[in-house]
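Engineer: Pasting final-v8.csv below, which is CSV, C-alpha atoms and all ligand atoms.
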```csv
chain,number,residue,atom,x,y,z
S,273,MET,CA,-15.3,21.2,18.8
S,274,GLY,CA,-16.2,17.6,18.1
S,275,GLN,CA,-16.0,14.1,19.4
S,276,VAL,CA,-14.0,13.4,22.6
S,277,VAL,CA,-13.4,9.9,24.1
S,278,VAL,CA,-13.1,9.7,27.9
S,279,ILE,CA,-11.0,6.8,29.0
S,280,SER,CA,-11.8,6.1,32.7
S,281,THR,CA,-9.2,4.6,34.9
S,282,GLY,CA,-10.3,5.5,38.5
S,283,GLY,CA,-8.6,7.8,41.0
S,284,THR,CA,-10.3,10.2,43.5
S,285,ILE,CA,-12.4,11.6,40.7
S,286,ALA,CA,-14.1,8.1,40.6
S,287,SER,CA,-13.8,7.4,44.4
S,288,ARG,CA,-16.5,6.7,47.0
S,289,TRP,CA,-16.5,6.0,50.7
S,290,GLN,CA,-15.7,2.4,51.4
S,291,GLY,CA,-16.5,2.3,55.1
S,292,SER,CA,-12.9,3.0,56.3
S,293,GLY,CA,-11.6,5.3,53.6
S,294,PHE,CA,-12.1,6.3,49.9
S,295,ALA,CA,-11.3,4.2,46.9
S,296,ALA,CA,-12.0,4.3,43.2
S,297,ASP,CA,-15.1,2.2,42.3
S,298,ALA,CA,-17.2,4.4,39.9
S,299,ARG,CA,-17.5,3.8,36.2
S,300,GLY,CA,-16.7,6.4,33.6
S,301,GLY,CA,-20.4,7.2,33.0
S,302,ASP,CA,-20.9,8.2,36.6
S,303,VAL,CA,-17.8,10.4,36.5
S,304,LEU,CA,-18.9,12.1,33.3
S,305,ALA,CA,-22.4,12.7,34.7
S,306,THR,CA,-20.8,15.1,37.3
S,307,ALA,CA,-19.4,17.5,34.6
S,308,ALA,CA,-20.8,20.0,32.3
S,309,VAL,CA,-20.0,19.0,28.7
S,310,PRO,CA,-18.8,22.0,26.7
S,311,ASP,CA,-21.2,23.1,23.9
S,312,GLY,CA,-20.6,21.3,20.6
S,313,VAL,CA,-18.7,18.4,22.2
S,314,THR,CA,-20.0,14.8,22.1
S,315,VAL,CA,-18.5,12.3,24.4
S,316,ARG,CA,-18.1,8.5,24.3
S,317,VAL,CA,-16.8,6.7,27.5
S,318,VAL,CA,-14.4,3.8,27.5
S,319,ASP,CA,-14.2,2.1,30.9
S,320,LEU,CA,-10.7,0.7,31.2
S,321,MET,CA,-10.4,0.2,35.0
S,322,SER,CA,-11.4,1.8,38.3
S,323,VAL,CA,-8.4,1.8,40.7
S,324,ASN,CA,-6.5,4.1,43.0
S,325,SER,CA,-3.5,5.0,40.9
S,326,ALA,CA,-0.9,4.0,43.4
S,327,ARG,CA,-1.9,0.4,42.5
S,328,LEU,CA,-1.2,0.8,38.8
S,329,THR,CA,1.3,-1.6,37.2
S,330,THR,CA,3.3,-1.3,34.0
S,331,ARG,CA,0.8,-3.8,32.4
S,332,ASP,CA,-2.0,-1.4,33.3
S,333,GLN,CA,-0.1,1.6,31.9
S,334,LEU,CA,0.6,-0.3,28.6
S,335,ALA,CA,-3.1,-1.2,28.4
S,336,LEU,CA,-3.9,2.5,28.7
S,337,LEU,CA,-1.2,3.3,26.0
S,338,ARG,CA,-2.7,0.7,23.6
S,339,THR,CA,-6.3,1.9,24.3
S,340,VAL,CA,-5.3,5.5,23.4
S,341,HIS,CA,-3.8,4.3,20.1
S,342,GLU,CA,-6.8,2.2,19.3
S,343,VAL,CA,-9.2,5.2,20.0
S,344,LEU,CA,-7.0,7.5,17.8
S,345,ALA,CA,-7.3,5.0,14.9
S,346,ASP,CA,-10.8,6.4,14.5
S,347,PRO,CA,-10.4,9.6,12.4
S,348,ALA,CA,-13.8,10.9,13.7
S,349,VAL,CA,-12.2,11.3,17.2
S,350,ASP,CA,-10.9,14.9,17.9
S,351,GLY,CA,-9.3,14.2,21.2
S,352,ILE,CA,-9.0,12.0,24.3
S,353,VAL,CA,-9.5,12.7,28.0
S,354,VAL,CA,-8.1,10.2,30.5
S,355,THR,CA,-9.5,10.4,34.0
S,356,HIS,CA,-6.8,9.1,36.4
S,357,GLY,CA,-5.7,9.1,40.0
S,358,THR,CA,-3.5,12.1,40.8
S,359,ASP,CA,-0.9,10.1,42.7
S,360,THR,CA,0.8,8.6,39.6
S,361,LEU,CA,-0.9,10.7,36.9
S,362,GLU,CA,2.4,12.2,35.9
S,363,GLU,CA,3.9,8.8,35.2
S,364,SER,CA,1.1,7.6,32.9
S,365,ALA,CA,0.9,11.0,31.2
S,366,PHE,CA,4.6,10.9,30.4
S,367,LEU,CA,4.5,7.3,29.1
S,368,LEU,CA,1.7,8.3,26.8
S,369,ASP,CA,3.6,11.5,25.7
S,370,LEU,CA,6.8,9.5,24.9
S,371,HIS,CA,4.7,7.4,22.4
S,372,HIS,CA,2.3,10.0,21.1
S,373,HIS,CA,2.5,10.4,17.3
S,374,ASP,CA,-0.7,12.2,16.7
S,375,PRO,CA,-1.6,15.9,16.6
S,376,ARG,CA,-4.8,15.3,18.5
S,377,PRO,CA,-4.7,16.2,22.2
S,378,VAL,CA,-4.7,13.6,24.9
S,379,VAL,CA,-5.5,15.3,28.2
S,380,LEU,CA,-5.3,13.7,31.6
S,381,THR,CA,-7.2,14.9,34.6
S,382,GLY,CA,-8.5,13.9,38.0
S,383,ALA,CA,-9.5,15.4,41.3
S,384,GLN,CA,-8.3,16.0,44.8
S,385,ARG,CA,-11.8,15.6,46.2
S,386,PRO,CA,-14.0,12.5,45.8
S,387,LEU,CA,-16.8,11.9,43.3
S,388,GLU,CA,-19.7,12.9,45.4
S,389,ALA,CA,-18.0,15.7,47.4
S,390,ARG,CA,-19.9,18.9,47.6
S,391,ASP,CA,-17.9,21.6,45.8
S,392,GLY,CA,-15.5,18.9,44.6
S,393,ASP,CA,-12.9,19.8,42.0
S,394,GLY,CA,-13.6,16.9,39.6
S,395,PRO,CA,-16.5,18.4,37.7
S,396,ARG,CA,-14.5,21.6,36.8
S,397,ASN,CA,-11.4,19.6,36.0
S,398,LEU,CA,-13.3,17.2,33.7
S,399,HIS,CA,-15.0,20.1,31.9
S,400,ASP,CA,-11.7,21.8,31.3
S,401,ALA,CA,-10.1,18.6,30.1
S,402,LEU,CA,-13.0,18.1,27.6
S,403,LEU,CA,-12.5,21.6,26.4
S,404,ALA,CA,-8.8,21.2,26.0
S,405,ALA,CA,-9.2,17.8,24.3
S,406,SER,CA,-11.5,19.3,21.7
S,407,SER,CA,-9.5,22.5,21.2
S,408,ALA,CA,-7.9,23.0,17.8
S,409,ALA,CA,-5.5,25.4,19.5
S,410,LEU,CA,-3.9,22.5,21.4
S,411,ARG,CA,-3.4,20.2,18.5
S,412,GLY,CA,0.3,19.3,18.2
S,413,HIS,CA,1.0,20.0,21.9
S,414,GLY,CA,1.3,16.3,22.9
S,415,VAL,CA,-0.1,14.8,26.0
S,416,LEU,CA,-1.4,17.3,28.5
S,417,VAL,CA,-2.6,17.6,32.1
S,418,ALA,CA,-5.6,19.8,32.8
S,419,PHE,CA,-6.1,20.7,36.5
S,420,ASP,CA,-7.3,23.7,38.5
S,421,GLY,CA,-7.7,26.0,35.5
S,422,GLN,CA,-4.3,25.3,33.9
S,423,VAL,CA,-3.1,22.9,31.2
S,424,HIS,CA,0.4,21.5,31.6
S,425,ALA,CA,2.7,19.6,29.3
S,426,ALA,CA,3.0,16.0,30.4
S,427,ARG,CA,6.8,16.2,30.4
S,428,GLY,CA,8.1,17.8,33.6
S,429,THR,CA,4.8,18.1,35.3
S,430,ILE,CA,4.5,16.6,38.8
S,431,LYS,CA,2.0,16.4,41.6
S,432,VAL,CA,3.0,19.3,44.0
S,433,GLN,CA,0.2,19.3,46.5
S,434,THR,CA,-1.1,16.3,48.5
S,435,LEU,CA,-4.5,17.8,49.2
S,436,ALA,CA,-4.9,21.3,47.7
S,437,ALA,CA,-6.8,21.8,44.4
S,438,ASP,CA,-3.8,23.2,42.5
S,439,ALA,CA,-2.2,19.7,42.6
S,440,PHE,CA,0.0,19.9,39.5
S,441,ALA,CA,2.8,22.2,38.3
S,442,HIS,CA,5.9,22.1,36.2
S,443,PRO,CA,8.4,23.3,38.8
S,444,SER,CA,11.1,24.0,36.2
S,445,GLY,CA,8.8,25.4,33.5
S,446,SER,CA,5.4,27.0,33.0
S,447,PRO,CA,1.9,26.0,32.0
S,448,VAL,CA,1.0,25.4,28.3
S,449,ALA,CA,-2.4,27.1,28.6
S,450,ASP,CA,-5.0,28.5,30.9
S,451,VAL,CA,-8.7,27.7,30.9
S,452,LYS,CA,-10.8,30.7,31.6
S,453,ASP,CA,-14.5,31.4,31.1
S,454,GLY,CA,-14.9,28.4,28.8
S,455,HIS,CA,-11.9,29.3,26.7
S,456,VAL,CA,-8.4,27.8,26.3
S,457,LEU,CA,-5.7,30.4,26.2
S,458,VAL,CA,-2.5,28.9,24.8
S,459,ARG,CA,0.8,30.2,26.2
S,460,ARG,CA,3.5,28.0,24.7
S,461,LEU,CA,4.3,24.9,22.6
S,462,PRO,CA,6.1,22.3,24.6
S,463,GLU,CA,9.3,20.8,23.2
S,464,ARG,CA,9.0,17.1,22.6
S,465,PRO,CA,11.5,14.5,21.2
S,466,GLU,CA,10.6,12.3,18.2
S,467,PRO,CA,8.1,9.8,19.7
S,468,LEU,CA,8.9,6.2,20.3
S,469,PRO,CA,7.1,3.3,18.5
S,470,LEU,CA,4.5,1.5,20.4
S,471,PRO,CA,6.1,-1.3,22.4
S,472,THR,CA,5.5,-4.8,21.0
S,473,ALA,CA,2.6,-6.6,22.8
S,474,ASP,CA,4.8,-9.5,23.9
S,475,ALA,CA,7.8,-7.4,25.1
S,476,PRO,CA,9.0,-8.5,28.5
S,477,LEU,CA,8.1,-6.1,31.3
S,478,PRO,CA,11.3,-4.7,32.7
S,479,ARG,CA,11.9,-4.1,36.4
S,480,VAL,CA,12.9,-0.4,37.0
S,481,ASP,CA,13.6,0.6,40.6
S,482,ILE,CA,14.0,4.0,42.3
S,483,VAL,CA,16.7,4.5,45.0
S,484,THR,CA,17.0,7.7,47.0
S,485,HIS,CA,20.2,9.0,48.4
S,486,HIS,CA,20.4,10.7,51.8
S,487,CYS,CA,23.0,11.3,54.6
S,488,ASP,CA,24.5,8.0,55.8
S,489,ALA,CA,23.1,6.1,52.8
S,490,ASP,CA,25.2,3.2,51.5
S,491,PRO,CA,24.9,1.3,48.2
S,492,LEU,CA,22.9,-1.5,49.7
S,493,LEU,CA,19.5,-0.7,48.2
S,494,LEU,CA,21.0,0.1,44.8
S,495,ASN,CA,22.9,-3.2,44.8
S,496,ALA,CA,19.7,-5.0,46.0
S,497,ALA,CA,17.9,-3.6,42.9
S,498,VAL,CA,20.6,-5.1,40.7
S,499,GLN,CA,20.3,-8.4,42.5
S,500,ALA,CA,16.5,-8.3,42.0
S,501,GLY,CA,17.1,-8.2,38.3
S,502,ALA,CA,16.4,-4.5,37.6
S,503,ARG,CA,16.9,-3.6,34.0
S,504,GLY,CA,17.0,0.0,35.1
S,505,ILE,CA,17.6,2.1,38.2
S,506,VAL,CA,16.8,5.7,38.9
S,507,LEU,CA,19.1,7.3,41.5
S,508,VAL,CA,17.4,10.2,43.2
S,509,ALA,CA,20.5,12.1,44.4
S,510,THR,CA,20.9,15.2,46.5
S,511,GLY,CA,21.3,18.7,45.1
S,512,ALA,CA,22.3,18.9,41.5
S,513,GLY,CA,22.8,15.1,41.4
S,514,ASN,CA,25.3,14.1,44.1
S,515,ALA,CA,26.0,11.0,46.2
S,516,THR,CA,29.2,9.3,47.5
S,517,PRO,CA,32.2,7.6,46.0
S,518,GLU,CA,30.7,4.3,47.2
S,519,VAL,CA,27.5,4.9,45.3
S,520,VAL,CA,29.5,5.9,42.2
S,521,ALA,CA,31.4,2.5,42.4
S,522,ALA,CA,28.0,0.7,42.7
S,523,VAL,CA,26.7,2.6,39.7
S,524,GLU,CA,29.8,1.7,37.7
S,525,ALA,CA,29.3,-2.0,38.6
S,526,ALA,CA,25.6,-1.9,37.7
S,527,VAL,CA,26.2,-0.2,34.3
S,528,ALA,CA,29.0,-2.8,33.6
S,529,ARG,CA,26.3,-5.5,34.1
S,530,GLY,CA,24.0,-3.8,31.6
S,531,VAL,CA,21.7,-1.9,34.0
S,532,LEU,CA,20.4,1.5,32.7
S,533,VAL,CA,21.1,4.0,35.4
S,534,ALA,CA,19.4,7.4,35.3
S,535,LEU,CA,20.3,10.3,37.7
S,536,THR,CA,17.7,12.8,39.1
S,537,THR,CA,17.5,14.8,42.3
S,538,ARG,CA,15.4,15.2,45.5
S,539,VAL,CA,15.2,18.9,44.9
S,540,PRO,CA,11.8,20.1,43.5
S,541,ALA,CA,13.1,22.4,40.7
S,542,GLY,CA,16.0,22.8,38.3
S,543,PRO,CA,18.2,20.5,36.3
S,544,VAL,CA,20.8,18.0,37.5
S,545,ALA,CA,24.3,19.1,36.5
S,546,GLU,CA,27.9,17.9,36.4
S,547,ILE,CA,29.5,20.2,39.0
S,548,TYR,CA,30.8,18.2,41.9
S,549,THR,CA,33.3,15.3,42.1
S,550,GLN,CA,34.1,12.9,45.0
S,551,GLY,CA,30.8,11.2,44.6
S,552,GLY,CA,29.0,14.0,42.7
S,553,ALA,CA,27.3,14.1,39.3
S,554,VAL,CA,30.7,14.5,37.5
S,555,ASP,CA,31.6,11.0,38.8
S,556,LEU,CA,28.2,9.5,38.5
S,557,ALA,CA,28.0,10.5,34.8
S,558,ALA,CA,31.6,9.1,34.2
S,559,ALA,CA,30.3,5.9,35.8
S,560,GLY,CA,27.6,5.7,33.2
S,561,ALA,CA,24.6,7.3,34.8
S,562,VAL,CA,22.5,9.3,32.4
S,563,LEU,CA,21.4,12.7,33.6
S,564,THR,CA,17.7,13.3,33.4
S,565,GLY,CA,17.6,17.1,33.0
S,566,THR,CA,14.6,18.5,34.9
S,567,LEU,CA,12.6,15.2,35.1
S,568,ARG,CA,11.8,14.0,38.6
S,569,ALA,CA,11.9,10.4,39.9
S,570,GLY,CA,8.6,9.1,38.6
S,571,GLN,CA,9.1,10.4,35.1
S,572,ALA,CA,12.8,9.6,35.0
S,573,ARG,CA,11.7,6.0,35.8
S,574,ILE,CA,9.2,6.1,32.9
S,575,ALA,CA,11.9,7.3,30.5
S,576,VAL,CA,14.1,4.3,31.6
S,577,LEU,CA,11.1,2.0,31.3
S,578,ALA,CA,10.3,3.3,27.8
S,579,ALA,CA,13.9,2.9,26.6
S,580,ALA,CA,14.0,-0.7,28.0
S,581,LEU,CA,10.7,-1.5,26.3
S,582,ALA,CA,12.0,-0.1,23.0
S,583,HIS,CA,14.9,-2.6,23.2
S,584,PRO,CA,13.4,-5.8,24.7
S,585,THR,CA,16.4,-7.9,23.9
S,586,ASP,CA,19.1,-6.9,26.4
S,587,ASP,CA,20.8,-4.4,24.0
S,588,THR,CA,22.1,-2.0,26.6
S,589,ASP,CA,23.9,0.4,24.2
S,590,ALA,CA,20.8,0.8,22.0
S,591,ALA,CA,18.6,1.3,25.1
S,592,THR,CA,21.1,3.9,26.5
S,593,ARG,CA,21.0,5.8,23.2
S,594,THR,CA,17.2,5.8,23.2
S,595,LEU,CA,17.2,6.9,26.9
S,596,ARG,CA,19.6,9.8,26.0
S,597,ARG,CA,17.5,10.7,23.0
S,598,VAL,CA,14.2,10.9,25.0
S,599,LEU,CA,15.9,12.8,27.7
S,600,GLY,CA,17.7,15.2,25.3
S,601,THR,CA,21.0,14.3,27.0
S,602,PRO,CA,23.7,13.8,24.4
S,603,ALA,CA,26.4,11.2,25.1
S,604,ALA,CA,29.7,12.7,26.5
S,605,SER,CA,32.3,12.7,23.7
S,701,LIG,N1,-5.7,8.0,45.7
S,701,LIG,C1,-5.9,8.8,44.5
S,701,LIG,C2,-5.3,8.1,43.3
S,701,LIG,O1,-5.9,7.2,42.8
S,701,LIG,C3,-5.5,10.2,44.7
S,701,LIG,C4,-6.2,11.0,43.6
S,701,LIG,O2,-6.7,10.5,42.6
S,701,LIG,O3,-6.2,12.3,43.8
S,701,LIG,O4,-4.2,8.5,42.9
```
Is it possible to give me this structure as structure tokens?
Structural biologist:
Amino acid sequence: MGQVVVISTGGTIASRWQGSGFAADARGGDVLATAAVPDGVTVRVVDLMSVNSARLTTRDQLALLRTVHEVLADPAVDGIVVTHGTDTLEESAFLLDLHHHDPRPVVLTGAQRPLEARDGDGPRNLHDALLAASSAALRGHGVLVAFDGQVHAARGTIKVQTLAADAFAHPSGSPVADVKDGHVLVRRLPERPEPLPLPTADAPLPRVDIVTHHCDADPLLLNAAVQAGARGIVLVATGAGNATPEVVAAVEAAVARGVLVALTTRVPAGPVAEIYTQGGAVDLAAAGAVLTGTLRAGQARIAVLAAALAHPTDDTDAATRTLRRVLGTPAAS
């Protein structure tokens, strides 16, 4: 038990009615006032922003990353809670996790129901996140997501419900811990690669696009991303990572121009795998696409973004090596 810093960024947990719909506008102190603070925990609030998370930019996410590192520079802090919109929570959580060098827990949470909702889920989620962030048992577990009585590893966790309270899950894995009766019950230690250094403050912000494959899709949108100056593209393929020979040719051309291409799938669970040819993952990998294991589109994009930020001068080979390292995907020999 000890000192937890809550970094407030907005989301439904900070949302109020705006006359036509809900939007984040509350400050962190108002959000904290809704939750019971666990015994023995003291809390300090940092108001970073108050926005719906679909509006977040890379600049905002890097501001969050830097704030986390600044807060952790204080040895008196035992852990951090980040309150965040659920829509893109998995993206910010993974960016923080890829750069997290510290044993102290950083725990993201939010809510499916707005700030002033009767029987809202925000107060319980925030209480559980404070408990997790101050829990010695979760030291060394990286960046976590506390929601609906469970604690998930940032890596692999995605939003799985648009409205229901059990908004987050790791479809290819399992929770790291449960929160029950005011206690954190740890189930497993997540595997994490060696963290990346903090991106330099003046690093250019790379464009990274996501393109989804479907029946009758052609390479037009993938090529448009290249034309728009994308440093990276995530191809959300079908099945275990399959598209068409035309898309393979477009990927090969993009990679030849120095674009980082990562391959994920529209399917909710399981890894992408090199099984099929004639446009399948076998050919996409041969064309230079990097398979993203069990990461889904939003987090695959964050992996590409982090690799690009780690190599701000257009060193594609080095960025590709970093991408493979953070994905745990060794280069084909
Ligand atoms: N619109 C919200 C957001 O900021 C949704 C939420 O927080 O649950 O992501």
Engineer: Within 7 Å of ligand LIG 701 (chain S), which residues show up when you count all atoms listed in the file? List them as an mmCIF file with C-alpha atoms, keeping the file's coordinate frame, please.
Structural biologist:
```cif
data_model
loop_
_atom_site.group_PDB
_atom_site.id
_atom_site.type_symbol
_atom_site.label_atom_id
_atom_site.label_comp_id
_atom_site.auth_asym_id
_atom_site.auth_seq_id
_atom_site.Cartn_x
_atom_site.Cartn_y
_atom_site.Cartn_z
ATOM 1 C CA GLY S 282 -10.300 5.500 38.500
ATOM 2 C CA GLY S 283 -8.600 7.800 41.000
ATOM 3 C CA THR S 284 -10.300 10.200 43.500
ATOM 4 C CA ILE S 285 -12.400 11.600 40.700
ATOM 5 C CA ALA S 295 -11.300 4.200 46.900
ATOM 6 C CA ALA S 296 -12.000 4.300 43.200
ATOM 7 C CA VAL S 323 -8.400 1.800 40.700
ATOM 8 C CA ASN S 324 -6.500 4.100 43.000
ATOM 9 C CA SER S 325 -3.500 5.000 40.900
ATOM 10 C CA ALA S 326 -0.900 4.000 43.400
ATOM 11 C CA HIS S 356 -6.800 9.100 36.400
ATOM 12 C CA GLY S 357 -5.700 9.100 40.000
ATOM 13 C CA THR S 358 -3.500 12.100 40.800
ATOM 14 C CA ASP S 359 -0.900 10.100 42.700
ATOM 15 C CA THR S 360 0.800 8.600 39.600
ATOM 16 C CA GLY S 382 -8.500 13.900 38.000
ATOM 17 C CA ALA S 383 -9.500 15.400 41.300
ATOM 18 C CA GLN S 384 -8.300 16.000 44.800
ATOM 19 C CA ARG S 385 -11.800 15.600 46.200
#
```
Engineer: Measure the distance from CA of Thr588 in chain S to CA of Thr472 in chain S in Å and round it to one decimal.
Structural biologist: 17.7 Å
Engineer: Counting only C-alpha atoms, which residue out of S:Leu344, S:Ala590, S:Leu368, S:Ile574 sits closest to Pro469 in chain S?
Structural biologist: S:Leu368
Engineer: Can you tell me how far CA of Gly445 in chain S sits from CA of Arg593 in chain S, in Å to one decimal?
Structural biologist: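 Computed distance, CA of Gly445 in chain S to CA of Arg593 in chain S, equals 25.3 Å.
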Engineer: Neighbouring residues of Cys487 in chain S were defined as those with any atom within 10 Å, considering only C-alpha atoms; residues of the same chain fewer than 3 positions away were excluded. Please report them as a PyMOL selection string.
Structural biologist: chain S and resi 490+510+515-516
Engineer: Out of S:Pro491, S:Gly412, S:Gly454, S:Gly530, which residue has the shortest atom-to-atom distance to Pro377 in chain S when counting only C-alpha atoms?
Structural biologist: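 For Pro377 in chain S, the nearest of the given residues is S:Gly412.
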